[in-house]
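Quick look at structure-v5.cif (mmCIF, C-alpha atoms):
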data_data
#
loop_
_atom_site.label_atom_id
_atom_site.label_comp_id
_atom_site.auth_asym_id
_atom_site.auth_seq_id
_atom_site.Cartn_x
_atom_site.Cartn_y
_atom_site.Cartn_z
CA MET A 1 18.46 -13.36 -0.10
CA SER A 2 15.82 -10.97 1.26
CA ARG A 3 16.25 -7.24 1.10
CA LEU A 4 16.80 -7.18 4.85
CA GLY A 5 19.36 -9.96 4.73
CA ARG A 6 21.57 -7.88 2.46
CA ILE A 7 21.96 -5.21 5.14
CA ALA A 8 22.19 -7.32 8.29
CA GLY A 9 25.68 -6.09 9.03
CA MET A 10 25.23 -2.41 8.22
CA MET A 11 25.97 0.19 10.91
CA SER A 12 23.79 3.24 11.52
CA GLY A 13 24.66 6.82 12.43
CA LEU A 14 25.08 10.29 10.94
CA ALA A 15 27.12 13.32 11.86
CA GLY A 16 25.46 15.47 14.52
CA ALA A 17 25.86 18.61 12.47
CA ALA A 18 23.57 17.26 9.75
CA VAL A 19 20.89 16.45 12.30
CA LEU A 20 21.14 19.85 13.96
CA ALA A 21 20.69 21.53 10.58
CA LEU A 22 17.21 20.09 10.42
CA THR A 23 15.95 21.83 13.56
CA ALA A 24 15.74 25.29 12.02
CA PRO A 25 12.28 26.90 12.10
CA ALA A 26 10.19 26.89 8.95
CA MET A 27 10.61 29.90 6.69
CA ALA A 28 8.02 32.02 4.92
CA GLN A 29 7.09 30.83 1.40
CA SER A 30 8.96 33.70 -0.22
CA ASP A 31 12.14 32.75 1.64
CA VAL A 32 12.10 29.09 0.63
CA LYS A 33 14.49 28.73 -2.27
CA GLY A 34 17.11 26.51 -3.84
CA GLU A 35 17.03 23.04 -5.40
CA ILE A 36 15.76 19.70 -4.17
CA THR A 37 15.97 16.21 -5.62
CA VAL A 38 13.25 13.61 -5.12
CA TRP A 39 13.80 9.87 -5.54
CA SER A 40 10.79 7.81 -6.59
CA TRP A 41 9.61 5.22 -9.12
CA ASN A 42 7.24 4.57 -12.00
CA VAL A 43 3.70 5.92 -11.59
CA ALA A 44 4.60 7.41 -8.21
CA ALA A 45 7.27 9.56 -9.84
CA THR A 46 4.78 10.57 -12.53
CA ALA A 47 2.34 11.63 -9.84
CA LEU A 48 4.91 13.81 -8.08
CA LYS A 49 5.94 15.41 -11.35
CA ALA A 50 2.30 16.34 -11.92
CA VAL A 51 2.33 18.33 -8.67
CA VAL A 52 5.45 20.37 -9.46
CA PRO A 53 3.81 23.06 -11.67
CA ASP A 54 1.32 24.03 -8.96
CA PHE A 55 4.04 23.82 -6.31
CA ASN A 56 6.16 26.28 -8.27
CA LYS A 57 3.29 28.74 -8.38
CA ALA A 58 3.42 28.82 -4.59
CA TYR A 59 7.21 28.37 -4.32
CA PRO A 60 8.69 29.94 -7.46
CA ASN A 61 12.21 29.97 -6.04
CA VAL A 62 12.48 26.20 -5.58
CA LYS A 63 13.63 23.91 -8.38
CA VAL A 64 12.32 20.35 -7.99
CA THR A 65 13.90 17.42 -9.82
CA VAL A 66 11.97 14.15 -9.54
CA GLU A 67 14.16 11.18 -10.47
CA ASP A 68 12.40 7.97 -11.54
CA LEU A 69 14.94 5.36 -10.43
CA GLY A 70 12.68 2.32 -10.16
CA ASN A 71 11.34 0.76 -6.96
CA GLN A 72 14.19 -1.61 -6.10
CA PRO A 73 17.00 0.86 -6.92
CA VAL A 74 15.41 3.52 -4.67
CA TYR A 75 15.33 1.03 -1.80
CA ASP A 76 18.87 -0.24 -2.40
CA ARG A 77 20.37 3.22 -2.82
CA GLY A 78 18.60 4.38 0.32
CA LEU A 79 20.12 1.53 2.31
CA ALA A 80 23.56 2.24 0.89
CA GLY A 81 23.27 5.96 1.61
CA CYS A 82 22.12 5.46 5.18
CA SER A 83 24.82 2.89 5.90
CA ALA A 84 27.41 5.39 4.63
CA GLY A 85 26.22 8.11 7.01
CA GLY A 86 23.79 9.86 4.66
CA ILE A 87 26.13 10.28 1.71
CA ASN A 88 24.56 10.76 -1.74
CA MET A 89 20.99 10.82 -0.45
CA PRO A 90 18.27 12.97 -2.06
CA ASP A 91 16.30 15.71 -0.33
CA VAL A 92 13.05 13.70 -0.49
CA TYR A 93 12.98 9.90 -0.35
CA SER A 94 10.06 7.65 -1.33
CA VAL A 95 9.60 4.59 0.88
CA GLU A 96 7.00 1.83 0.93
CA ASN A 97 5.28 1.71 4.30
CA HIS A 98 5.81 -1.97 4.98
CA GLU A 99 9.57 -1.55 4.42
CA SER A 100 9.98 1.79 6.15
CA GLU A 101 10.73 0.41 9.60
CA VAL A 102 13.94 -1.11 8.29
CA PHE A 103 15.29 2.44 8.07
CA TRP A 104 13.94 3.79 11.36
CA ALA A 105 15.16 0.74 13.31
CA ARG A 106 18.57 0.23 11.71
CA PHE A 107 19.42 3.81 10.78
CA PRO A 108 17.61 5.97 13.36
CA ASP A 109 19.59 9.10 12.49
CA CYS A 110 19.32 8.83 8.72
CA PHE A 111 16.00 10.67 8.41
CA ALA A 112 14.52 13.75 10.01
CA ASP A 113 11.74 13.72 12.53
CA LEU A 114 9.29 15.84 10.55
CA LYS A 115 7.89 17.44 13.68
CA SER A 116 11.32 18.94 14.41
CA LEU A 117 11.24 20.94 11.19
CA ASP A 118 8.13 22.99 11.90
CA ALA A 119 6.11 23.51 15.07
CA LYS A 120 2.88 23.15 13.04
CA GLU A 121 3.84 19.87 11.40
CA ALA A 122 2.24 17.76 14.13
CA ASP A 123 -1.15 19.30 13.36
CA LEU A 124 -0.87 18.38 9.68
CA LEU A 125 0.29 14.83 10.40
CA ALA A 126 -2.60 14.31 12.80
CA LYS A 127 -5.03 14.64 9.89
CA PHE A 128 -3.91 11.32 8.38
CA PRO A 129 -5.54 7.98 9.27
CA LYS A 130 -3.86 6.06 12.08
CA PHE A 131 -3.18 3.06 9.86
CA LYS A 132 -0.89 5.20 7.68
CA LEU A 133 1.08 6.61 10.60
CA ALA A 134 1.65 3.35 12.49
CA GLU A 135 4.77 2.32 10.57
CA LEU A 136 6.16 5.86 10.36
CA THR A 137 6.15 6.58 14.09
CA VAL A 138 8.87 5.72 16.62
CA GLY A 139 8.11 7.01 20.10
CA ASP A 140 7.26 10.69 19.67
CA LYS A 141 9.02 10.94 16.30
CA ILE A 142 7.37 10.71 12.87
CA TYR A 143 9.91 10.01 10.14
CA ALA A 144 7.80 10.35 6.99
CA MET A 145 4.60 11.88 5.67
CA PRO A 146 1.88 9.46 4.48
CA TRP A 147 1.40 9.47 0.74
CA ASP A 148 -0.83 7.03 -1.14
CA SER A 149 -2.69 4.07 0.31
CA GLY A 150 -4.13 0.81 -0.96
CA PRO A 151 -7.70 0.27 0.25
CA ALA A 152 -8.63 -3.18 -1.00
CA VAL A 153 -11.78 -3.55 -3.10
CA VAL A 154 -13.31 -6.01 -5.54
CA PHE A 155 -13.01 -5.12 -9.23
CA TYR A 156 -15.58 -7.05 -11.22
CA ARG A 157 -16.88 -7.60 -14.75
CA ARG A 158 -20.42 -6.26 -14.80
CA ASP A 159 -21.48 -8.32 -17.81
CA MET A 160 -20.17 -11.62 -16.44
CA TYR A 161 -21.85 -11.13 -13.07
CA GLU A 162 -25.12 -10.10 -14.72
CA ALA A 163 -25.11 -13.10 -17.08
CA ALA A 164 -24.82 -15.38 -14.04
CA GLY A 165 -27.60 -13.57 -12.20
CA VAL A 166 -25.21 -12.27 -9.54
CA ASP A 167 -25.96 -8.89 -7.95
CA PRO A 168 -22.80 -7.53 -6.26
CA ALA A 169 -24.96 -5.41 -3.96
CA LYS A 170 -26.19 -8.64 -2.37
CA ILE A 171 -22.71 -10.02 -1.68
CA ALA A 172 -22.37 -9.33 2.04
CA THR A 173 -19.95 -12.05 3.18
CA TRP A 174 -17.05 -14.08 1.87
CA ASP A 175 -19.36 -17.12 1.76
CA ASP A 176 -21.69 -15.10 -0.47
CA PHE A 177 -18.69 -14.18 -2.60
CA ILE A 178 -17.64 -17.81 -3.03
CA ALA A 179 -21.18 -18.79 -4.04
CA ALA A 180 -21.20 -15.93 -6.55
CA GLY A 181 -17.88 -17.09 -7.93
CA LYS A 182 -19.15 -20.59 -8.56
CA ALA A 183 -22.19 -19.20 -10.38
CA VAL A 184 -20.11 -16.85 -12.54
CA GLN A 185 -17.63 -19.56 -13.53
CA ALA A 186 -20.41 -22.05 -14.31
CA LYS A 187 -22.07 -19.56 -16.63
CA ALA A 188 -18.90 -18.16 -18.25
CA GLY A 189 -17.37 -21.54 -19.04
CA PRO A 190 -13.99 -23.22 -18.50
CA ASP A 191 -11.89 -20.43 -20.03
CA VAL A 192 -12.93 -17.91 -17.36
CA LYS A 193 -11.80 -17.78 -13.75
CA PHE A 194 -13.51 -15.80 -11.03
CA LEU A 195 -10.34 -14.50 -9.36
CA SER A 196 -6.63 -14.04 -9.84
CA THR A 197 -3.90 -14.47 -7.28
CA ASN A 198 -2.36 -11.37 -8.95
CA SER A 199 1.15 -11.99 -7.70
CA GLY A 200 1.53 -15.71 -8.24
CA ALA A 201 0.54 -18.82 -6.33
CA THR A 202 3.11 -18.37 -3.57
CA SER A 203 2.30 -14.77 -2.74
CA THR A 204 0.96 -13.94 0.71
CA THR A 205 -1.00 -10.99 -0.70
CA TRP A 206 -4.43 -12.58 -0.31
CA PHE A 207 -3.68 -13.70 3.23
CA ARG A 208 -2.38 -10.26 4.26
CA ILE A 209 -5.45 -8.49 2.83
CA LEU A 210 -7.87 -10.70 4.73
CA ALA A 211 -5.73 -10.71 7.87
CA ASN A 212 -5.72 -6.91 7.91
CA GLN A 213 -9.49 -6.96 7.44
CA ALA A 214 -9.70 -9.23 10.49
CA GLY A 215 -7.39 -6.98 12.52
CA CYS A 216 -4.41 -9.33 12.46
CA ALA A 217 -0.86 -9.21 11.04
CA PHE A 218 2.54 -10.86 11.29
CA PHE A 219 3.31 -8.64 14.30
CA ASP A 220 1.29 -6.79 16.95
CA ASP A 221 0.86 -3.01 17.14
CA SER A 222 3.98 -2.65 19.27
CA GLY A 223 6.08 -4.54 16.71
CA GLU A 224 7.53 -6.60 19.54
CA ASN A 225 5.46 -9.78 19.38
CA ILE A 226 4.55 -12.25 16.64
CA THR A 227 0.79 -12.55 16.14
CA VAL A 228 0.47 -14.40 12.83
CA ASN A 229 -1.21 -17.35 14.59
CA GLN A 230 -3.88 -15.27 16.35
CA PRO A 231 -7.62 -15.89 15.65
CA GLY A 232 -8.00 -13.12 13.03
CA CYS A 233 -5.14 -14.53 10.96
CA VAL A 234 -6.53 -18.05 11.31
CA GLN A 235 -9.90 -16.82 10.04
CA ALA A 236 -8.19 -15.11 7.11
CA LEU A 237 -6.24 -18.22 6.09
CA GLU A 238 -9.29 -20.46 6.41
CA THR A 239 -11.17 -18.11 4.09
CA VAL A 240 -8.39 -18.13 1.48
CA LYS A 241 -8.48 -21.95 1.67
CA LYS A 242 -12.24 -21.95 1.02
CA ILE A 243 -11.71 -19.82 -2.08
CA THR A 244 -8.89 -22.11 -3.21
CA ASP A 245 -10.88 -25.29 -2.65
CA ALA A 246 -13.80 -23.81 -4.60
CA GLY A 247 -11.52 -23.65 -7.65
CA LEU A 248 -11.98 -19.92 -8.12
CA PHE A 249 -8.35 -18.87 -8.46
CA MET A 250 -6.45 -18.42 -11.69
CA GLU A 251 -2.81 -18.69 -10.70
CA GLY A 252 -0.80 -15.97 -12.35
CA ASP A 253 1.70 -13.23 -11.80
CA TRP A 254 1.10 -9.51 -12.31
CA ASP A 255 1.45 -9.61 -16.10
CA GLY A 256 -0.53 -12.82 -16.41
CA SER A 257 -3.45 -11.32 -14.52
CA LEU A 258 -3.50 -8.24 -16.73
CA GLN A 259 -3.35 -10.42 -19.83
CA ALA A 260 -6.32 -12.44 -18.56
CA ILE A 261 -8.28 -9.24 -17.97
CA LYS A 262 -7.58 -8.06 -21.50
CA ALA A 263 -8.49 -11.47 -22.94
CA ASN A 264 -11.86 -11.55 -21.13
CA ARG A 265 -10.78 -14.53 -19.02
CA LEU A 266 -11.05 -12.97 -15.57
CA ALA A 267 -14.28 -11.95 -13.85
CA SER A 268 -12.91 -10.33 -10.67
CA SER A 269 -9.79 -9.10 -8.96
CA VAL A 270 -9.33 -8.28 -5.29
CA TYR A 271 -6.49 -5.81 -4.86
CA GLY A 272 -5.52 -2.37 -3.64
CA ALA A 273 -7.50 0.41 -5.28
CA TRP A 274 -4.37 1.58 -7.10
CA TYR A 275 -5.04 -1.40 -9.41
CA GLU A 276 -7.77 0.72 -10.98
CA GLY A 277 -5.25 2.47 -13.20
CA SER A 278 -3.70 -0.84 -14.23
CA ILE A 279 -7.02 -2.31 -15.39
CA ARG A 280 -8.09 0.87 -17.16
CA GLY A 281 -4.71 1.40 -18.84
CA ASN A 282 -4.30 -2.25 -19.82
CA ALA A 283 -7.73 -2.77 -21.34
CA PRO A 284 -9.23 0.55 -22.48
CA GLU A 285 -11.47 -1.32 -24.90
CA LEU A 286 -13.40 -2.78 -21.94
CA SER A 287 -14.72 0.61 -20.87
CA GLY A 288 -18.11 0.31 -19.21
CA LYS A 289 -17.74 -3.40 -18.45
CA TRP A 290 -15.97 -3.11 -15.09
CA GLY A 291 -17.27 -2.05 -11.69
CA VAL A 292 -16.12 -1.92 -8.06
CA PHE A 293 -17.58 -2.97 -4.72
CA GLN A 294 -16.30 -3.17 -1.16
CA LEU A 295 -14.72 -6.32 0.25
CA PRO A 296 -17.20 -8.87 1.58
CA ALA A 297 -17.22 -9.21 5.37
CA PHE A 298 -16.43 -12.37 7.34
CA ALA A 299 -19.94 -12.13 8.81
CA ALA A 300 -22.91 -10.00 7.75
CA GLY A 301 -22.52 -6.46 9.05
CA GLY A 302 -18.80 -6.91 9.75
CA ASN A 303 -15.79 -4.87 8.66
CA ARG A 304 -15.36 -4.52 4.89
CA ALA A 305 -12.12 -2.51 4.85
CA ALA A 306 -8.48 -3.53 4.47
CA ASN A 307 -5.29 -2.07 3.08
CA ILE A 308 -2.55 -3.51 0.88
CA GLY A 309 0.37 -1.33 -0.17
CA GLY A 310 1.04 2.38 0.02
CA SER A 311 4.05 4.65 0.41
CA SER A 312 5.31 7.75 2.23
CA LEU A 313 7.81 10.58 1.72
CA ALA A 314 10.76 11.12 4.07
CA ILE A 315 13.48 13.77 4.33
CA PRO A 316 17.04 12.49 4.81
CA ALA A 317 18.90 14.18 7.64
CA SER A 318 21.70 14.95 5.19
CA SER A 319 19.43 17.08 2.99
CA LYS A 320 21.06 20.40 2.12
CA ASN A 321 17.67 22.08 1.80
CA PRO A 322 15.33 20.55 4.40
CA GLN A 323 12.92 23.48 4.50
CA ALA A 324 12.31 23.32 0.74
CA ALA A 325 11.95 19.54 1.04
CA LEU A 326 9.40 19.95 3.81
CA ALA A 327 7.51 22.54 1.78
CA PHE A 328 7.33 20.10 -1.13
CA ILE A 329 6.10 17.06 0.79
CA ASN A 330 3.57 19.22 2.65
CA PHE A 331 2.32 20.58 -0.66
CA ALA A 332 2.25 17.19 -2.40
CA ASN A 333 0.79 15.09 0.40
CA GLY A 334 -0.83 17.50 2.83
CA ARG A 335 -3.30 19.17 0.46
CA PRO A 336 -6.44 17.50 -0.93
CA ASP A 337 -5.95 19.35 -4.23
CA SER A 338 -2.48 17.85 -4.71
CA GLN A 339 -3.63 14.37 -3.79
CA ILE A 340 -6.42 14.63 -6.36
CA THR A 341 -3.88 15.83 -8.95
CA GLN A 342 -1.89 12.64 -8.32
CA LEU A 343 -5.04 10.52 -8.44
CA LYS A 344 -5.84 11.92 -11.88
CA ALA A 345 -2.26 11.59 -13.12
CA SER A 346 -1.46 8.09 -11.94
CA GLY A 347 -4.30 6.60 -9.95
CA LEU A 348 -2.49 7.09 -6.64
CA VAL A 349 -5.14 6.69 -3.95
CA PRO A 350 -5.39 9.73 -1.65
CA THR A 351 -4.79 9.24 2.06
CA LEU A 352 -6.09 12.54 3.39
CA PRO A 353 -9.72 12.03 4.48
CA ASP A 354 -10.49 15.57 3.31
CA ALA A 355 -9.82 14.45 -0.26
CA ILE A 356 -13.07 12.48 -0.32
CA GLN A 357 -14.92 15.81 -0.41
CA ASP A 358 -13.29 16.80 -3.69
CA PRO A 359 -15.78 17.00 -6.59
CA TYR A 360 -13.60 14.68 -8.70
CA VAL A 361 -13.92 11.89 -6.15
CA GLN A 362 -17.69 12.08 -6.42
CA GLN A 363 -17.80 12.10 -10.22
CA PRO A 364 -19.13 9.08 -12.11
CA LEU A 365 -16.34 7.55 -14.21
CA PRO A 366 -17.25 6.35 -17.72
CA TYR A 367 -14.77 3.47 -17.77
CA TRP A 368 -16.37 2.05 -14.64
CA GLY A 369 -19.89 2.09 -15.98
CA GLY A 370 -20.60 5.55 -14.61
CA GLN A 371 -19.84 4.44 -11.06
CA LYS A 372 -18.38 6.83 -8.47
CA VAL A 373 -15.42 4.54 -7.91
CA TRP A 374 -13.31 6.80 -5.71
CA GLU A 375 -16.20 7.56 -3.41
CA VAL A 376 -16.54 3.81 -2.83
CA VAL A 377 -12.81 3.39 -2.25
CA LEU A 378 -12.12 6.37 0.00
CA SER A 379 -15.15 5.75 2.18
CA THR A 380 -13.30 2.78 3.69
CA LEU A 381 -10.21 4.70 4.87
CA SER A 382 -11.49 5.40 8.36
CA GLN A 383 -12.24 1.70 8.97
CA ILE A 384 -8.83 0.32 7.96
CA LYS A 385 -6.94 -1.16 10.90
CA PRO A 386 -3.24 -0.36 11.47
CA ALA A 387 -0.66 -3.08 10.79
CA ARG A 388 3.03 -2.95 11.61
CA GLY A 389 5.49 -4.24 9.04
CA THR A 390 8.46 -3.88 11.42
CA GLN A 391 12.06 -4.24 10.33
CA TYR A 392 11.43 -7.99 9.97
CA PHE A 393 8.64 -7.91 7.38
CA ALA A 394 10.71 -9.53 4.62
CA GLU A 395 11.81 -12.41 6.86
CA ALA A 396 8.26 -13.02 8.06
CA ASP A 397 6.80 -12.85 4.57
CA ASN A 398 9.40 -15.21 3.11
CA ILE A 399 8.78 -17.76 5.85
CA ALA A 400 5.00 -17.55 5.64
CA ASP A 401 5.08 -17.81 1.87
CA GLY A 402 6.05 -21.46 1.61
CA ILE A 403 4.22 -22.62 4.72
CA LEU A 404 0.93 -21.10 3.63
CA LEU A 405 1.26 -22.47 0.11
CA ALA A 406 1.67 -26.01 1.45
CA TYR A 407 -1.52 -25.59 3.49
CA LEU A 408 -3.47 -24.23 0.52
CA LYS A 409 -2.35 -27.18 -1.58
CA GLY A 410 -3.68 -29.59 1.06
CA ASN A 411 -0.96 -30.78 3.43
CA GLY A 412 -3.49 -32.07 5.95
CA LYS A 413 -2.79 -29.47 8.65
CA SER A 414 -5.32 -27.03 10.04
CA ALA A 415 -4.98 -23.28 9.52
CA LYS A 416 -4.08 -22.88 13.20
CA GLU A 417 -1.37 -25.56 13.02
CA THR A 418 -0.01 -23.96 9.85
CA LEU A 419 0.21 -20.52 11.40
CA ASP A 420 1.68 -21.90 14.63
CA GLU A 421 4.48 -23.34 12.50
CA ALA A 422 4.95 -20.01 10.72
CA ALA A 423 5.01 -18.16 14.05
CA GLU A 424 7.70 -20.41 15.50
CA GLN A 425 9.91 -20.08 12.42
CA ILE A 426 9.49 -16.28 12.36
CA SER A 427 10.42 -16.21 16.05
CA ALA A 428 13.56 -18.24 15.38
CA ALA A 429 14.55 -15.90 12.54
CA THR A 430 13.86 -12.61 14.33
CA GLY A 431 14.32 -13.36 18.03
CA LEU A 432 10.86 -11.95 18.79
CA PRO A 433 8.47 -13.92 21.03
CA VAL A 434 5.21 -15.43 19.86
CA ALA A 435 2.31 -13.65 21.56
CA GLU A 436 0.26 -15.71 24.01
#
Could you spell out this file's structure in structure tokens?
Amino acid sequence: MSRLGRIAGMMSGLAGAAVLALTAPAMAQSDVKGEITVWSWNVAATALKAVVPDFNKAYPNVKVTVEDLGNQPVYDRGLAGCSAGGINMPDVYSVENHESEVFWARFPDCFADLKSLDAKEADLLAKFPKFKLAELTVGDKIYAMPWDSGPAVVFYRRDMYEAAGVDPAKIATWDDFIAAGKAVQAKAGPDVKFLSTNSGATSTTWFRILANQAGCAFFDDSGENITVNQPGCVQALETVKKITDAGLFMEGDWDGSLQAIKANRLASSVYGAWYEGSIRGNAPELSGKWGVFQLPAFAAGGNRAANIGGSSLAIPASSKNPQAALAFINFANGRPDSQITQLKASGLVPTLPDAIQDPYVQQPLPYWGGQKVWEVVLSTLSQIKPARGTQYFAEADNIADGILLAYLKGNGKSAKETLDEAAEQISAATGLPVAE
């Protein structure tokens, strides 16, 4: 059962008193005091913990406890807390962007509109890229502050490309990329694959990356119509099929892909830039052998930016210390210095455009052959197109998963016919119409 299916019958709503408590004006730094608890997971929790010492220099009277609960438990406990009227919720809640609309749609009173907490909050939120705010905004309310993002890039083995005579600087299109892949595999031999599916053969990750690059998604910008069969999505699926038919994919899950990297059996990986830390941490002995370049375009001169993944920080309406919670998320996410601290600690990709001006971003990194990796990554932020997950993301993804896999394995249908089928099934499951 999908995550959303487990909460289909849950009722929303919180006591009015808790909501009213969140409308108090922001206090001076010296007046912000007390304790707050933050729920997060894994490297994200590590990143937030890294910010706490500097936060306490500015807010010495606030005690911050970051609890690393794991990704799934944070989501499940958030659903349980919201369905129970906000009981046992933390002061700061980590939420993945593509799942966030489940909360805003089904529990509209469970989290604070950040703009209601401080008259200046709207100015800070306006600094973030539109693609990060799309899923956090309902009408004139913004329920969470953007955190990290996942600009997609190509990670590649410098030595394997060079041995095959492939110059990544000359890879302008996906057709160029496929030709390069064939050359690299031919030179490297049968034990090496050009690409990994990263999340397994049935994952929609590749399709969603390329669809976002083409300006398409399961749903339109309003979240009210199904658009998975629109031309941009068709182009994305056709391109994934070309890569599949060229024999460039090594099917494997997350661990399998990392094992292949460590064993020198993988020449490239297309993923969110947060994968940088995974490659570097998994195979430190390969320092200097990896590099990064932007996604190829569908046509020369076209868009080379897309996003996959990323999270945000929200404040439950039941927080007993909303002003301290707001101070913390503003400090952690709204300052370039703090976002760079998290980048160094855990590889969390900054979302604030101002962070690209930080000297660290522009430093050459030894592991990546002296390349200025983060300058390459963050330069794409302004070109990433918004995509709505909606409250029905899990249903749509589960449906598309099997249908797309059948197409990639050669069921005889066209990409358009395949996505028409997916659109109709998503419509039947969600009640939303298929866009004309």
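Restricting the calculation to all atoms listed in the file, the smallest distance between A:Phe107 and any of A:Ala211, A:Leu125, A:Leu79, A:Ala394 is found for A:Leu79.
When all atoms listed in the file are used to compute distances to A:Ser318, the closest of the residues A:Leu381, A:Cys82, A:Ala422, A:Leu258 turns out to be A:Cys82.
Going from atom CA of A:Gly81 to atom CA of A:Ser312 covers 18.1 Å.
Matched in the shown structure by the PyMOL selection byres ((chain A and resi 110) around 6): Cys82, Phe107, Pro108, Asp109, Phe111, Pro316 and Ala317 of chain A.
Of the listed residues A:Gly70, A:Gly369, A:Gly247, A:Pro359, the one whose atoms come nearest to A:Val95 is A:Gly70, with distances taken using only C-alpha atoms.
When atom CA of A:Ser196 is paired with atom CA of A:Ser268, their separation reads 7.3 Å.
Residues matched by the PyMOL selection byres ((chain A and resi 279) around 10) in this file are Phe155, Ser257, Leu258, Gln259, Ile261, Lys262, Ser269, Trp274, Tyr275, Glu276, Gly277, Ser278, Arg280, Gly281, Asn282, Ala283, Pro284, Leu286, Ser287, Trp290 and Tyr367 of chain A.
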> Quick one: which residues end up in the PyMOL selection byres ((chain A and resi 172) around 7) for this structure, as a ChimeraX atom specification?
Replying inline: /A:170-171,173,176,296-297,300
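Within 9 Å of A:Ser100, once only C-alpha atoms are used and residues closer than 3 positions along the same chain are dropped, the contacting residues are Val95, Glu96, Asn97, Phe103, Trp104, Ala105, Glu135, Leu136, Ala144, Ser311, Ser312, Gly389, Thr390 and Gln391 of chain A.
Atom CA of A:Pro90 is found 6.5 Å from atom CA of A:Trp39.
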>> Could you check the closest approach to A:Gly288 for each of A:Val154, A:Ala112, A:Ala396, A:Leu365 and tell me which residue wins, using all atoms listed in the file?
In response: A:Leu365
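In terms of minimum interatomic distance to A:Ala299, A:Asp175 ranks closest within A:Asp175, A:Glu99, A:Asp255, A:Glu224, counting all atoms listed in the file.
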>> Can you pull out the residues contacting A:Gly431? Cut-off 12 Å, using only C-alpha atoms, and skip same-chain residues under 3 positions away; I want them as a VMD selection string.
In response: chain A and resid 224 to 226 392 395 to 396 423 to 428 434
>> Calculated over only C-alpha atoms, which of the candidates A:Asp68, A:Asp191, A:Trp206, A:Tyr143 has the smallest distance to A:Asp401?
In response: A:Trp206
Per residue of stretch 192-282 of chain A within 12 Å of stretch 402-415 of chain A, what are the shortest atom pair and its distance in Å to one decimal, counting all atoms listed in the file, with rows by chain and residue number, as a Markdown table?
| residue | atom | partner | partner_atom | distance |
| --- | --- | --- | --- | --- |
| A:Gly200 | CA | A:Leu405 | CA | 10.7 |
| A:Ala201 | CA | A:Leu405 | CA | 7.4 |
| A:Thr202 | CA | A:Leu405 | CA | 5.8 |
| A:Ser203 | CA | A:Leu405 | CA | 8.3 |
| A:Thr204 | CA | A:Leu404 | CA | 7.7 |
| A:Thr205 | CA | A:Leu404 | CA | 11.2 |
| A:Trp206 | CA | A:Leu404 | CA | 10.8 |
| A:Phe207 | CA | A:Leu404 | CA | 8.7 |
| A:Arg208 | CA | A:Leu404 | CA | 11.4 |
| A:Val228 | CA | A:Ala415 | CA | 10.9 |
| A:Asn229 | CA | A:Ala415 | CA | 8.7 |
| A:Gln230 | CA | A:Ala415 | CA | 10.6 |
| A:Pro231 | CA | A:Ala415 | CA | 10.0 |
| A:Gly232 | CA | A:Ala415 | CA | 11.2 |
| A:Cys233 | CA | A:Ala415 | CA | 8.9 |
| A:Val234 | CA | A:Ala415 | CA | 5.7 |
| A:Gln235 | CA | A:Ala415 | CA | 8.1 |
| A:Ala236 | CA | A:Ala415 | CA | 9.1 |
| A:Leu237 | CA | A:Ala415 | CA | 6.2 |
| A:Glu238 | CA | A:Ala415 | CA | 6.0 |
| A:Thr239 | CA | A:Ala415 | CA | 9.7 |
| A:Val240 | CA | A:Leu408 | CA | 7.9 |
| A:Lys241 | CA | A:Leu408 | CA | 5.6 |
| A:Lys242 | CA | A:Leu408 | CA | 9.1 |
| A:Ile243 | CA | A:Leu408 | CA | 9.7 |
| A:Thr244 | CA | A:Leu408 | CA | 6.9 |
| A:Asp245 | CA | A:Leu408 | CA | 8.1 |
| A:Ala246 | CA | A:Leu408 | CA | 11.5 |
| A:Gly247 | CA | A:Leu408 | CA | 11.5 |
| A:Phe249 | CA | A:Leu408 | CA | 11.5 |
> Can you list, as a VMD selection string, every protein, DNA or RNA residue that comes within 7 Å of stretch 321-329 of chain A when you count all atoms listed in the file, leaving out same-chain residues fewer than 2 positions away?
Replying inline: chain A and resid 22 26 32 to 33 36 62 91 to 92 313 315 319 331 to 333
